[in-house]
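Colleague: This is query_15.txt (compact mmCIF, C-alpha atoms and all ligand atoms).
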# COMPACT_ATOMS: atom_id res chain seq x y z
CA MET A 10 -24.60 -15.71 4.21
CA SER A 11 -21.32 -14.89 2.46
CA HIS A 12 -18.36 -13.69 4.49
CA PHE A 13 -16.95 -12.06 1.38
CA ALA A 14 -19.97 -9.97 0.35
CA SER A 15 -18.25 -6.72 1.30
CA VAL A 16 -15.15 -7.38 -0.84
CA GLU A 17 -14.99 -4.86 -3.65
CA MET A 18 -13.34 -5.36 -7.03
CA THR A 19 -9.64 -4.44 -6.80
CA PRO A 20 -8.18 -2.81 -9.94
CA GLY A 21 -6.00 -5.22 -11.94
CA ASP A 22 -2.37 -4.64 -12.92
CA PRO A 23 -2.43 -2.25 -15.91
CA ILE A 24 0.50 -3.98 -17.63
CA LEU A 25 -1.12 -7.42 -17.40
CA GLY A 26 -4.39 -5.90 -18.64
CA LEU A 27 -2.52 -4.58 -21.67
CA THR A 28 -1.22 -8.06 -22.50
CA GLU A 29 -4.76 -9.45 -22.34
CA ALA A 30 -5.94 -6.78 -24.80
CA TYR A 31 -2.96 -7.54 -27.06
CA LEU A 32 -3.69 -11.29 -27.06
CA ALA A 33 -7.35 -10.64 -27.92
CA ASP A 34 -6.36 -8.39 -30.88
CA ALA A 35 -6.89 -10.26 -34.17
CA ARG A 36 -4.94 -7.80 -36.38
CA PRO A 37 -1.91 -9.35 -38.12
CA GLY A 38 1.49 -7.82 -37.36
CA LYS A 39 0.46 -6.64 -33.89
CA VAL A 40 3.36 -5.77 -31.54
CA ASN A 41 3.40 -5.71 -27.73
CA LEU A 42 5.93 -3.18 -26.39
CA GLY A 43 4.21 -3.14 -23.00
CA VAL A 44 5.88 -6.24 -21.60
CA GLY A 45 8.87 -6.51 -19.25
CA ILE A 46 10.39 -9.52 -20.98
CA TYR A 47 13.39 -10.01 -23.28
CA TYR A 48 12.41 -11.63 -26.58
CA ASP A 49 14.92 -12.95 -29.10
CA GLU A 50 15.13 -12.07 -32.80
CA GLN A 51 12.36 -14.63 -33.50
CA GLY A 52 10.09 -13.03 -30.92
CA ARG A 53 10.44 -15.91 -28.43
CA ILE A 54 11.50 -15.95 -24.79
CA PRO A 55 14.92 -17.65 -25.05
CA LEU A 56 15.76 -20.85 -23.20
CA LEU A 57 19.47 -20.32 -22.57
CA ARG A 58 21.71 -23.20 -23.67
CA ALA A 59 23.58 -23.16 -20.36
CA VAL A 60 20.29 -23.43 -18.46
CA HIS A 61 19.09 -26.23 -20.72
CA GLU A 62 22.32 -28.16 -20.08
CA VAL A 63 21.80 -28.04 -16.31
CA GLU A 64 18.17 -28.97 -16.76
CA GLN A 65 19.13 -32.09 -18.69
CA ARG A 66 21.70 -33.08 -16.07
CA LEU A 67 19.11 -32.61 -13.34
CA ALA A 68 16.59 -34.73 -15.25
CA GLN A 69 19.23 -37.50 -15.58
CA GLU A 70 20.00 -37.39 -11.89
CA ALA A 71 16.25 -37.49 -11.03
CA LYS A 72 16.86 -36.44 -7.44
CA PRO A 73 14.10 -36.37 -4.81
CA ARG A 74 12.65 -32.91 -4.02
CA GLY A 75 13.27 -32.25 -0.36
CA TYR A 76 12.92 -28.81 1.19
CA LEU A 77 15.72 -26.31 0.76
CA PRO A 78 17.06 -24.47 3.81
CA ILE A 79 15.04 -21.31 4.65
CA ASP A 80 17.67 -19.12 2.97
CA GLY A 81 18.17 -21.45 0.02
CA LEU A 82 20.97 -23.39 -1.64
CA PRO A 83 24.46 -22.38 -0.41
CA ALA A 84 25.85 -22.84 -3.95
CA TYR A 85 23.24 -20.34 -5.16
CA THR A 86 23.71 -17.71 -2.46
CA GLN A 87 27.52 -17.89 -2.62
CA GLY A 88 27.42 -17.69 -6.41
CA THR A 89 25.15 -14.65 -6.12
CA GLN A 90 27.53 -12.91 -3.72
CA LYS A 91 30.40 -13.29 -6.17
CA LEU A 92 28.32 -11.88 -9.03
CA VAL A 93 27.12 -8.95 -6.95
CA PHE A 94 30.37 -7.96 -5.23
CA GLY A 95 33.06 -9.66 -7.33
CA ALA A 96 34.78 -12.87 -6.17
CA GLU A 97 37.64 -10.97 -4.53
CA SER A 98 35.48 -8.61 -2.49
CA PRO A 99 36.90 -7.81 0.98
CA LEU A 100 33.29 -7.71 2.24
CA LEU A 101 32.93 -11.41 1.45
CA ALA A 102 36.27 -12.25 3.05
CA ALA A 103 35.21 -10.35 6.19
CA GLY A 104 31.94 -12.29 6.46
CA ARG A 105 29.91 -9.06 6.33
CA VAL A 106 27.49 -10.31 3.67
CA ALA A 107 24.35 -12.39 4.28
CA THR A 108 22.44 -13.62 1.22
CA SER A 109 19.19 -15.55 0.91
CA GLN A 110 17.68 -17.21 -2.15
CA THR A 111 14.21 -15.71 -2.62
CA ILE A 112 11.07 -16.12 -4.72
CA GLY A 113 12.22 -13.80 -7.51
CA GLY A 114 13.51 -10.27 -7.14
CA SER A 115 9.98 -9.36 -6.04
CA GLY A 116 10.21 -11.78 -3.11
CA ALA A 117 13.59 -10.29 -2.20
CA LEU A 118 12.09 -6.79 -2.19
CA ARG A 119 9.18 -7.84 0.01
CA VAL A 120 11.25 -9.88 2.49
CA GLY A 121 13.79 -7.04 2.59
CA ALA A 122 11.02 -4.52 3.24
CA ASP A 123 9.52 -6.66 6.02
CA VAL A 124 12.92 -7.13 7.66
CA LEU A 125 13.65 -3.39 7.53
CA LYS A 126 10.23 -2.59 8.98
CA LYS A 127 11.08 -4.82 11.97
CA ALA A 128 14.62 -3.47 12.35
CA LEU A 129 13.83 0.22 11.68
CA PRO A 130 10.12 0.71 12.42
CA LYS A 131 10.18 4.49 11.95
CA ALA A 132 12.17 4.68 8.71
CA LYS A 133 10.61 6.00 5.50
CA ILE A 134 11.60 4.86 2.04
CA ALA A 135 12.49 7.15 -0.86
CA ILE A 136 12.00 5.89 -4.42
CA SER A 137 12.85 7.56 -7.71
CA ASN A 138 10.21 9.55 -9.62
CA PRO A 139 9.23 7.52 -11.53
CA SER A 140 10.09 4.02 -10.36
CA TRP A 141 8.90 0.50 -11.09
CA GLU A 142 5.32 0.70 -9.81
CA ASN A 143 5.74 -2.41 -7.65
CA HIS A 144 8.39 -0.68 -5.52
CA ARG A 145 5.74 1.57 -4.09
CA VAL A 146 3.23 -1.25 -3.77
CA VAL A 147 5.64 -3.59 -1.96
CA PHE A 148 6.91 -1.01 0.53
CA ILE A 149 3.42 0.29 1.31
CA ALA A 150 2.29 -3.30 1.89
CA ALA A 151 5.19 -3.67 4.35
CA GLY A 152 3.94 -0.60 6.25
CA PHE A 153 6.37 2.03 4.91
CA GLU A 154 5.65 5.64 4.14
CA VAL A 155 6.95 6.16 0.60
CA VAL A 156 8.45 9.48 -0.52
CA GLU A 157 9.96 10.31 -3.91
CA TYR A 158 13.21 11.83 -5.10
CA THR A 159 13.65 13.63 -8.42
CA TYR A 160 15.11 11.41 -11.14
CA TYR A 161 13.86 11.75 -14.69
CA ASP A 162 13.94 14.98 -16.69
CA PRO A 163 11.17 14.90 -19.32
CA GLN A 164 12.80 17.79 -21.20
CA THR A 165 16.08 15.99 -21.89
CA HIS A 166 14.73 12.40 -21.58
CA GLY A 167 17.72 11.92 -19.29
CA LEU A 168 18.66 12.27 -15.65
CA ASP A 169 17.90 15.32 -13.51
CA PHE A 170 21.04 14.71 -11.48
CA ALA A 171 21.08 18.07 -9.70
CA GLY A 172 17.47 17.50 -8.64
CA MET A 173 18.26 13.97 -7.49
CA LEU A 174 21.21 15.06 -5.35
CA ALA A 175 19.25 17.96 -3.88
CA ASP A 176 16.35 15.68 -2.90
CA LEU A 177 18.60 12.98 -1.43
CA GLY A 178 20.37 15.70 0.55
CA LYS A 179 17.08 16.66 2.20
CA LEU A 180 16.06 13.20 3.38
CA GLU A 181 15.93 12.51 7.10
CA PRO A 182 18.87 10.45 8.41
CA GLY A 183 17.93 6.78 8.51
CA THR A 184 15.71 6.98 5.41
CA VAL A 185 15.95 3.94 3.16
CA VAL A 186 16.80 4.98 -0.43
CA LEU A 187 15.81 2.63 -3.19
CA LEU A 188 18.28 2.83 -6.09
CA HIS A 189 18.20 0.96 -9.41
CA ALA A 190 21.68 -0.47 -9.98
CA CYS A 191 21.33 -0.31 -13.77
CA CYS A 192 18.76 -0.40 -16.59
CA HIS A 193 16.32 1.79 -14.65
CA ASN A 194 12.74 0.61 -14.96
CA PRO A 195 10.72 2.37 -16.40
CA THR A 196 12.93 5.14 -17.87
CA GLY A 197 16.11 3.39 -19.10
CA VAL A 198 18.03 6.36 -17.62
CA ASP A 199 21.08 5.40 -15.53
CA LEU A 200 23.82 7.16 -13.57
CA ASN A 201 27.46 7.02 -14.68
CA ALA A 202 30.23 5.99 -12.27
CA ALA A 203 31.12 9.58 -11.31
CA GLN A 204 27.48 10.34 -10.52
CA TRP A 205 27.19 7.17 -8.44
CA GLN A 206 30.21 8.26 -6.45
CA GLN A 207 28.47 11.55 -5.66
CA VAL A 208 25.36 9.65 -4.55
CA VAL A 209 27.57 7.52 -2.29
CA GLU A 210 28.89 10.71 -0.68
CA VAL A 211 25.41 12.13 -0.03
CA VAL A 212 24.19 8.80 1.35
CA LYS A 213 27.17 8.72 3.70
CA GLU A 214 26.78 12.31 4.81
CA ARG A 215 23.01 12.03 5.41
CA GLN A 216 23.33 8.57 6.97
CA LEU A 217 20.81 7.09 4.56
CA LEU A 218 20.37 3.34 4.07
CA PRO A 219 20.91 2.29 0.42
CA PHE A 220 18.62 -0.43 -0.92
CA ILE A 221 19.91 -1.33 -4.38
CA ASP A 222 17.58 -3.20 -6.71
CA MET A 223 19.64 -5.05 -9.32
CA ALA A 224 17.13 -6.81 -11.56
CA TYR A 225 19.12 -6.45 -14.81
CA GLN A 226 22.76 -7.22 -14.00
CA GLY A 227 24.55 -7.90 -17.29
CA PHE A 228 21.85 -6.35 -19.49
CA ASP A 229 23.60 -3.07 -20.25
CA GLN A 230 27.42 -3.10 -20.15
CA GLY A 231 28.30 -6.44 -18.54
CA ILE A 232 28.21 -8.24 -15.20
CA ASP A 233 30.85 -6.13 -13.42
CA ALA A 234 30.14 -2.78 -15.11
CA ASP A 235 26.42 -3.05 -14.31
CA ALA A 236 27.29 -3.61 -10.65
CA THR A 237 29.26 -0.33 -10.44
CA ALA A 238 26.85 1.18 -7.91
CA VAL A 239 27.10 -1.85 -5.62
CA ARG A 240 30.89 -1.94 -5.91
CA LEU A 241 31.18 1.78 -5.07
CA PHE A 242 28.98 1.41 -2.01
CA ALA A 243 31.01 -1.66 -1.00
CA ALA A 244 34.25 0.34 -1.24
CA SER A 245 32.85 3.42 0.50
CA GLY A 246 33.13 2.36 4.12
CA ILE A 247 29.34 2.55 4.50
CA GLU A 248 28.55 -0.16 7.01
CA SER A 249 25.06 -1.23 6.01
CA PHE A 250 23.19 -1.64 2.77
CA VAL A 251 20.83 -4.00 1.01
CA VAL A 252 20.94 -5.49 -2.51
CA THR A 253 18.16 -7.42 -4.26
CA SER A 254 18.92 -9.53 -7.34
CA SER A 255 16.74 -11.15 -9.95
CA TYR A 256 17.72 -13.90 -12.39
CA ALA A 257 14.47 -13.50 -14.36
CA LYS A 258 16.10 -11.53 -17.15
CA SER A 259 19.78 -12.45 -16.99
CA PHE A 260 19.02 -16.21 -17.05
CA SER A 261 15.68 -15.88 -18.90
CA LEU A 262 14.06 -17.72 -15.99
CA TYR A 263 10.99 -15.55 -15.45
CA GLY A 264 8.55 -18.13 -14.10
CA GLU A 265 11.15 -19.98 -12.05
CA ARG A 266 11.12 -17.04 -9.63
CA ALA A 267 14.84 -16.97 -8.90
CA GLY A 268 16.00 -13.98 -6.88
CA ALA A 269 18.22 -13.11 -3.94
CA LEU A 270 18.27 -10.77 -0.97
CA THR A 271 21.61 -9.60 0.37
CA PHE A 272 22.31 -7.63 3.53
CA VAL A 273 25.68 -6.03 4.11
CA ALA A 274 26.39 -5.52 7.81
CA ALA A 275 29.15 -3.90 9.87
CA ASP A 276 30.85 -7.18 10.79
CA ARG A 277 30.41 -10.95 10.80
CA ASP A 278 28.46 -11.03 14.04
CA GLU A 279 26.01 -8.36 12.89
CA ALA A 280 25.58 -10.18 9.55
CA LEU A 281 24.63 -13.36 11.42
CA ARG A 282 22.10 -11.47 13.53
CA VAL A 283 20.54 -9.80 10.50
CA GLN A 284 20.40 -13.14 8.71
CA SER A 285 18.53 -14.68 11.66
CA LEU A 286 15.87 -11.97 11.26
CA VAL A 287 15.72 -12.57 7.50
CA LYS A 288 15.19 -16.30 8.11
CA ARG A 289 12.49 -15.71 10.69
CA THR A 290 10.74 -13.40 8.20
CA ILE A 291 10.95 -15.88 5.30
CA ARG A 292 9.70 -18.68 7.57
CA SER A 293 6.59 -16.64 8.33
CA ILE A 294 5.77 -16.01 4.64
CA TYR A 295 6.72 -18.97 2.41
CA SER A 296 9.01 -21.02 4.65
CA SER A 297 11.69 -21.83 2.06
CA PRO A 298 12.39 -21.09 -1.62
CA SER A 299 11.68 -23.40 -4.55
CA THR A 300 14.23 -25.96 -5.73
CA HIS A 301 14.26 -25.93 -9.51
CA GLY A 302 15.13 -22.33 -10.46
CA GLY A 303 17.76 -22.24 -7.74
CA ALA A 304 19.35 -25.46 -8.95
CA LEU A 305 19.51 -24.12 -12.51
CA VAL A 306 21.26 -20.89 -11.54
CA ALA A 307 23.61 -22.61 -9.09
CA GLY A 308 24.42 -25.25 -11.72
CA VAL A 309 25.45 -22.60 -14.24
CA LEU A 310 27.34 -20.36 -11.81
CA ASN A 311 29.36 -23.22 -10.35
CA SER A 312 30.50 -24.85 -13.60
CA PRO A 313 33.32 -22.91 -15.34
CA GLU A 314 32.22 -24.27 -18.72
CA LEU A 315 28.51 -23.41 -18.32
CA ARG A 316 29.32 -20.10 -16.70
CA ALA A 317 31.34 -19.12 -19.79
CA MET A 318 28.48 -20.26 -22.03
CA TRP A 319 25.99 -18.20 -20.00
CA GLU A 320 28.20 -15.09 -20.13
CA GLN A 321 28.33 -15.41 -23.88
CA GLU A 322 24.54 -15.77 -24.14
CA LEU A 323 24.03 -12.84 -21.78
CA GLY A 324 26.37 -10.82 -24.01
CA GLU A 325 24.28 -11.77 -27.03
CA MET A 326 21.10 -10.54 -25.36
CA ARG A 327 22.83 -7.31 -24.37
CA GLU A 328 24.16 -6.76 -27.89
CA ARG A 329 20.75 -7.40 -29.42
CA ILE A 330 19.22 -4.74 -27.17
CA HIS A 331 21.93 -2.26 -28.19
CA ALA A 332 21.34 -3.10 -31.85
CA MET A 333 17.59 -2.57 -31.49
CA ARG A 334 18.14 0.80 -29.83
CA ALA A 335 20.46 1.90 -32.62
CA GLY A 336 18.12 0.48 -35.26
CA MET A 337 15.10 2.22 -33.78
CA VAL A 338 16.84 5.60 -33.72
CA GLU A 339 18.01 5.15 -37.30
CA LYS A 340 14.59 4.07 -38.60
CA LEU A 341 12.78 6.82 -36.70
CA ALA A 342 15.08 9.39 -38.26
CA ALA A 343 14.47 7.85 -41.69
CA HIS A 344 10.73 8.20 -41.09
CA GLY A 345 11.15 11.89 -40.25
CA ALA A 346 11.41 11.68 -36.46
CA PRO A 347 15.03 12.49 -35.52
CA GLN A 348 14.00 13.73 -32.07
CA PHE A 349 14.23 10.19 -30.65
CA ALA A 350 18.05 10.02 -30.67
CA PHE A 351 17.98 9.78 -26.85
CA ILE A 352 16.73 6.16 -27.10
CA GLN A 353 20.33 5.16 -27.81
CA GLN A 354 21.55 6.83 -24.62
CA GLN A 355 19.08 4.95 -22.45
CA ALA A 356 19.96 1.48 -21.11
CA GLY A 357 18.39 -1.91 -20.56
CA MET A 358 15.05 -3.24 -21.74
CA PHE A 359 13.05 -0.05 -21.37
CA SER A 360 12.82 3.43 -22.82
CA TYR A 361 10.70 6.28 -21.67
CA SER A 362 9.81 7.30 -25.22
CA GLY A 363 8.16 10.60 -24.34
CA LEU A 364 4.99 9.48 -26.16
CA SER A 365 1.83 10.87 -24.57
CA LYS A 366 -1.15 8.79 -23.51
CA ALA A 367 -3.04 10.04 -26.59
CA GLN A 368 -0.17 8.97 -28.87
CA VAL A 369 0.01 5.56 -27.17
CA ASP A 370 -3.76 5.17 -27.71
CA ARG A 371 -3.32 5.98 -31.40
CA LEU A 372 -0.51 3.42 -31.71
CA ARG A 373 -2.89 0.76 -30.37
CA ASP A 374 -6.03 1.83 -32.26
CA GLU A 375 -4.48 2.62 -35.64
CA TYR A 376 -1.38 0.38 -35.76
CA ALA A 377 -1.99 -2.54 -33.32
CA ILE A 378 1.13 -1.53 -31.36
CA TYR A 379 0.70 -1.78 -27.62
CA ALA A 380 2.63 0.34 -25.11
CA ILE A 381 1.99 1.61 -21.59
CA GLY A 382 0.17 4.91 -21.11
CA THR A 383 3.28 6.48 -19.57
CA GLY A 384 5.09 6.00 -22.90
CA ARG A 385 7.38 3.24 -21.59
CA ILE A 386 8.35 0.88 -24.40
CA CYS A 387 10.23 -2.42 -24.14
CA VAL A 388 13.02 -2.24 -26.72
CA ALA A 389 13.75 -5.94 -26.09
CA ALA A 390 10.43 -6.73 -27.82
CA LEU A 391 11.73 -5.19 -31.08
CA ASN A 392 13.33 -7.32 -33.80
CA ARG A 393 14.39 -6.95 -37.43
CA SER A 394 10.89 -7.98 -38.59
CA ASN A 395 8.90 -5.41 -36.61
CA LEU A 396 11.41 -2.55 -36.26
CA ASP A 397 10.42 -0.67 -39.40
CA THR A 398 6.67 -0.98 -38.79
CA VAL A 399 7.05 0.23 -35.21
CA ALA A 400 9.34 3.13 -36.16
CA ALA A 401 6.98 4.23 -38.96
CA ALA A 402 3.99 4.15 -36.60
CA VAL A 403 5.79 6.02 -33.80
CA ALA A 404 6.96 8.65 -36.29
CA ALA A 405 3.40 9.00 -37.66
CA VAL A 406 1.77 9.57 -34.25
CA SER A 407 4.56 12.00 -33.28
CA LYS A 408 3.96 14.38 -36.20
N1 LIG A 501 12.95 -4.87 -9.79
C1 LIG A 501 12.74 -4.32 -10.98
C2 LIG A 501 13.21 -2.92 -11.22
C3 LIG A 501 12.07 -5.03 -11.98
O1 LIG A 501 11.87 -4.44 -13.17
C4 LIG A 501 11.64 -6.35 -11.71
C5 LIG A 501 10.93 -7.12 -12.72
O2 LIG A 501 10.37 -6.66 -13.66
C6 LIG A 501 11.89 -6.88 -10.45
C7 LIG A 501 12.55 -6.12 -9.52
C8 LIG A 501 11.41 -8.24 -10.03
O3 LIG A 501 11.86 -9.30 -10.72
P1 LIG A 501 11.29 -10.76 -10.51
O4 LIG A 501 10.58 -11.09 -11.78
O5 LIG A 501 12.50 -11.60 -10.28
O6 LIG A 501 10.37 -10.76 -9.35
Could I get this file's structure written as structure tokens?
Modeller:
Amino acid sequence: MSHFASVEMTPGDPILGLTEAYLADARPGKVNLGVGIYYDEQGRIPLLRAVHEVEQRLAQEAKPRGYLPIDGLPAYTQGTQKLVFGAESPLLAAGRVATSQTIGGSGALRVGADVLKKALPKAKIAISNPSWENHRVVFIAAGFEVVEYTYYDPQTHGLDFAGMLADLGKLEPGTVVLLHACCHNPTGVDLNAAQWQQVVEVVKERQLLPFIDMAYQGFDQGIDADATAVRLFAASGIESFVVTSSYAKSFSLYGERAGALTFVAADRDEALRVQSLVKRTIRSIYSSPSTHGGALVAGVLNSPELRAMWEQELGEMRERIHAMRAGMVEKLAAHGAPQFAFIQQQAGMFSYSGLSKAQVDRLRDEYAIYAIGTGRICVAALNRSNLDTVAAAVAAVSK
């Protein structure tokens, strides 16, 4: 007798399914724009020089692999706080910030969600429409009711800011609001500083709890500029908010699962109490984070020389993305599709291209170009060798 006979097949992740189909495709010149990974000009996932340096030092040292503390390496969490808030942040000086090293940004989201469910059992969470699909999945798994706020305007391929403000203004006090700090996934549509300031005001007035997901710090304008939202909330007098970080993209450390969860509390004592709940929560899920990814990030952040090297490499990745956006717009126009100029206004790895499901299907069937049914494309998978082919195909299916 099987105890699992009643288990039904659960649908797989559509993005991972797309990659499987892409890998099985034998056509030469195939392109996968469905991924959420930065590829370099040669189409490879980069191994950053700064990361490689630390890795070699670690190999030389050949240290034993004990357990890390529940909330991770202090050099990692302190380094993260300085990146997120700026080294001179009064919040750090006041001891109001509690950070834990987590299993990727995803782990930070889930631990954060579990902690909030314990602290605020009745709170709902509001996510942008659309948002990264896992936001919904993670918060539902943690027992939250998920509601949506207006975000993307399909007419302009930009932000429906009036709609966003109106929806945030209607949320019940105490609602958790998930905000993408920069490089919004999946749309590539971000707020400017003045718009963030208006969001801060609404959040304050409605007594909402900001939960800022920062998975792409440094991928649009730079480390500090991309943290504008966090810095404005920090300066606003709002007493509590949450920030999740991921080093998957900014350090090209996808599989190392390096992330962080940060709670900002009203004072030092409250921060310590919140951190005790975070630690209890982590202990009940995976006990403590993994050593290697954490050691790599901490090694880079705490060496002035490697930190400078990393910032340069991060800048190169950022510039390549900008160049691919500009190149795509230019080539699309050359192929008779000037309506895609908005791709240059969007930020980060992704663009909501406006392509329909039928057009995406044609791209796959006729041109071996893979994208997600929603029309999201990863501009960081473009390079000088595939740009023209992709632009020609997109222009052809858009006619
Ligand atoms: N948040 C957003 C918006 C993301 O796009 C991602 C990764 O794609 C994550 C969080 C999670 O990152 P990680 O790979 O570190 O779990």
Colleague: Using all atoms listed in the file, what table do you get, as JSON lines, when you list each residue of chain A with an atom no more than 8 Å from ligand LIG 501 (chain A), its nearest pair of atoms, and their distance in Å rounded to one decimal, rows by chain then rising number?
Modeller:
{"residue": "A:Gly45", "atom": "CA", "partner": "A:LIG501", "partner_atom": "O2", "distance": 5.8}
{"residue": "A:Ile46", "atom": "CA", "partner": "A:LIG501", "partner_atom": "O2", "distance": 7.9}
{"residue": "A:Ile112", "atom": "CA", "partner": "A:LIG501", "partner_atom": "O6", "distance": 7.1}
{"residue": "A:Gly113", "atom": "CA", "partner": "A:LIG501", "partner_atom": "O5", "distance": 3.5}
{"residue": "A:Gly114", "atom": "CA", "partner": "A:LIG501", "partner_atom": "O5", "distance": 3.6}
{"residue": "A:Ser115", "atom": "CA", "partner": "A:LIG501", "partner_atom": "O6", "distance": 3.6}
{"residue": "A:Gly116", "atom": "CA", "partner": "A:LIG501", "partner_atom": "O6", "distance": 6.3}
{"residue": "A:Ala117", "atom": "CA", "partner": "A:LIG501", "partner_atom": "O6", "distance": 7.9}
{"residue": "A:Leu118", "atom": "CA", "partner": "A:LIG501", "partner_atom": "C7", "distance": 7.4}
{"residue": "A:Ser140", "atom": "CA", "partner": "A:LIG501", "partner_atom": "C2", "distance": 7.7}
{"residue": "A:Trp141", "atom": "CA", "partner": "A:LIG501", "partner_atom": "C2", "distance": 5.5}
{"residue": "A:Asn143", "atom": "CA", "partner": "A:LIG501", "partner_atom": "N1", "distance": 7.9}
{"residue": "A:His144", "atom": "CA", "partner": "A:LIG501", "partner_atom": "N1", "distance": 7.5}
{"residue": "A:His189", "atom": "CA", "partner": "A:LIG501", "partner_atom": "C2", "distance": 6.6}
{"residue": "A:His193", "atom": "CA", "partner": "A:LIG501", "partner_atom": "C2", "distance": 6.6}
{"residue": "A:Asn194", "atom": "CA", "partner": "A:LIG501", "partner_atom": "C2", "distance": 5.2}
{"residue": "A:Pro195", "atom": "CA", "partner": "A:LIG501", "partner_atom": "O1", "distance": 7.6}
{"residue": "A:Asp222", "atom": "CA", "partner": "A:LIG501", "partner_atom": "N1", "distance": 5.8}
{"residue": "A:Met223", "atom": "CA", "partner": "A:LIG501", "partner_atom": "N1", "distance": 6.7}
{"residue": "A:Ala224", "atom": "CA", "partner": "A:LIG501", "partner_atom": "N1", "distance": 4.9}
{"residue": "A:Tyr225", "atom": "CA", "partner": "A:LIG501", "partner_atom": "O1", "distance": 7.7}
{"residue": "A:Thr253", "atom": "CA", "partner": "A:LIG501", "partner_atom": "C7", "distance": 7.8}
{"residue": "A:Ser254", "atom": "CA", "partner": "A:LIG501", "partner_atom": "O5", "distance": 7.4}
{"residue": "A:Ser255", "atom": "CA", "partner": "A:LIG501", "partner_atom": "O5", "distance": 4.3}
{"residue": "A:Tyr256", "atom": "CA", "partner": "A:LIG501", "partner_atom": "O5", "distance": 6.1}
{"residue": "A:Ala257", "atom": "CA", "partner": "A:LIG501", "partner_atom": "O5", "distance": 4.9}
{"residue": "A:Lys258", "atom": "CA", "partner": "A:LIG501", "partner_atom": "O4", "distance": 7.7}
{"residue": "A:Tyr263", "atom": "CA", "partner": "A:LIG501", "partner_atom": "O4", "distance": 5.8}
{"residue": "A:Gly264", "atom": "CA", "partner": "A:LIG501", "partner_atom": "O4", "distance": 7.7}
{"residue": "A:Arg266", "atom": "CA", "partner": "A:LIG501", "partner_atom": "O5", "distance": 5.6}
{"residue": "A:Ala267", "atom": "CA", "partner": "A:LIG501", "partner_atom": "O5", "distance": 6.0}
{"residue": "A:Gly268", "atom": "CA", "partner": "A:LIG501", "partner_atom": "O5", "distance": 5.4}
Colleague: Please check which residues have atoms at most 12 Å from (23.3, -8.1, 14.5) in the file's coordinates, counting all atoms listed in the file, and write them as a list in words.
Modeller: Arg105, Val106, Ala107, Ala128, Ser249, Phe272, Val273, Ala274, Ala275, Asp276, Arg277, Asp278, Glu279, Ala280, Leu281, Arg282, Val283, Gln284, Ser285, Leu286 and Val287 of chain A
Colleague: Please identify all polymer residues within 12 Å of Thr184 (chain A), counting only C-alpha atoms, omitting same-chain residues fewer than 3 positions from it, and present them as a ChimeraX atom specification.
Modeller: /A:125-126,129-136,153-158,177-181,187,212-213,215-220,250
Colleague: Do a neighbour search on Ser109 (chain A) at 10 Å with all atoms listed in the file, toss out local chain neighbours closer than 2 positions, and write the hits as a PyMOL selection string.
Modeller: chain A and resi 78-83+85-87+89-90+107+111-112+117+120+253+268-272+284+287-288+291+297-298
Colleague: Using all atoms listed in the file, pick whichever of A:Ala332, A:Val388, A:Ile247, A:Ala304 has the shortest atom-to-atom distance to Ala84 (chain A).
Modeller: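 The answer is A:Ala304, which sits nearest to Ala84 (chain A).
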Colleague: Nearest residue to Glu325 (chain A) out of A:Gln204, A:Ser15, A:Ser407, A:Gln230, using all atoms listed in the file?
Modeller: A:Gln230
Colleague: So, with all atoms listed in the file as the atoms that count, which of A:Ala243, A:Ser261, A:Met18, A:Ala190 lies closest to Leu101 (chain A)?
Modeller: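 Checking each candidate against Leu101 (chain A), we get A:Ala243 as the closest.
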Colleague: Compare A:Glu17, A:Asp49, A:Glu320, A:Asp199 by their minimum atom-to-atom distance to Gln354 (chain A), counting only C-alpha atoms, and give me the closest one.
Modeller: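 Between A:Glu17, A:Asp49, A:Glu320, A:Asp199, the residue approaching Gln354 (chain A) most closely is A:Asp199.
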Colleague: Looking at all atoms listed in the file, which of A:Pro347, A:Gly357, A:Pro99, A:Pro73 is the one that sits closest to Cys192 (chain A)?
Modeller: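 Comparing A:Pro347, A:Gly357, A:Pro99, A:Pro73 against Cys192 (chain A), the winner is A:Gly357.
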Colleague: For Ile352 (chain A), which residue among A:Val406, A:Val306, A:Val198, A:Leu77 is the nearest when counting only C-alpha atoms?
Modeller: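 Closest to Ile352 (chain A), using only C-alpha atoms: A:Val198.
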Colleague: Counting all atoms listed in the file, which residues come within 9 Å of (9.8, 12.0, -38.8), with the point read in the file's coordinates, and could you list them as a compact mmCIF listing (two decimals) with C-alpha atoms, in the frame of the given file?
Modeller:
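Written output follows (point_3.txt):
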# COMPACT_ATOMS: atom_id res chain seq x y z
CA LEU A 341 12.78 6.82 -36.70
CA ALA A 342 15.08 9.39 -38.26
CA ALA A 343 14.47 7.85 -41.69
CA HIS A 344 10.73 8.20 -41.09
CA GLY A 345 11.15 11.89 -40.25
CA ALA A 346 11.41 11.68 -36.46
CA PRO A 347 15.03 12.49 -35.52
CA GLN A 348 14.00 13.73 -32.07
CA ALA A 401 6.98 4.23 -38.96
CA VAL A 403 5.79 6.02 -33.80
CA ALA A 404 6.96 8.65 -36.29
CA ALA A 405 3.40 9.00 -37.66
CA SER A 407 4.56 12.00 -33.28
CA LYS A 408 3.96 14.38 -36.20
Colleague: Counting all atoms listed in the file, what is within 10 Å of region 370-376 of chain A, bar same-chain residues fewer than 4 positions away, as a list in words?
Modeller: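 That gives Ala30, Tyr31, Asp34, Arg36, Gly38, Lys39, Val40, Asn41, Leu364, Ser365, Lys366, Ala380, Ile381, Gly382, Thr398, Val399, Ala401, Ala402, Val403, Ala405 and Val406 of chain A.
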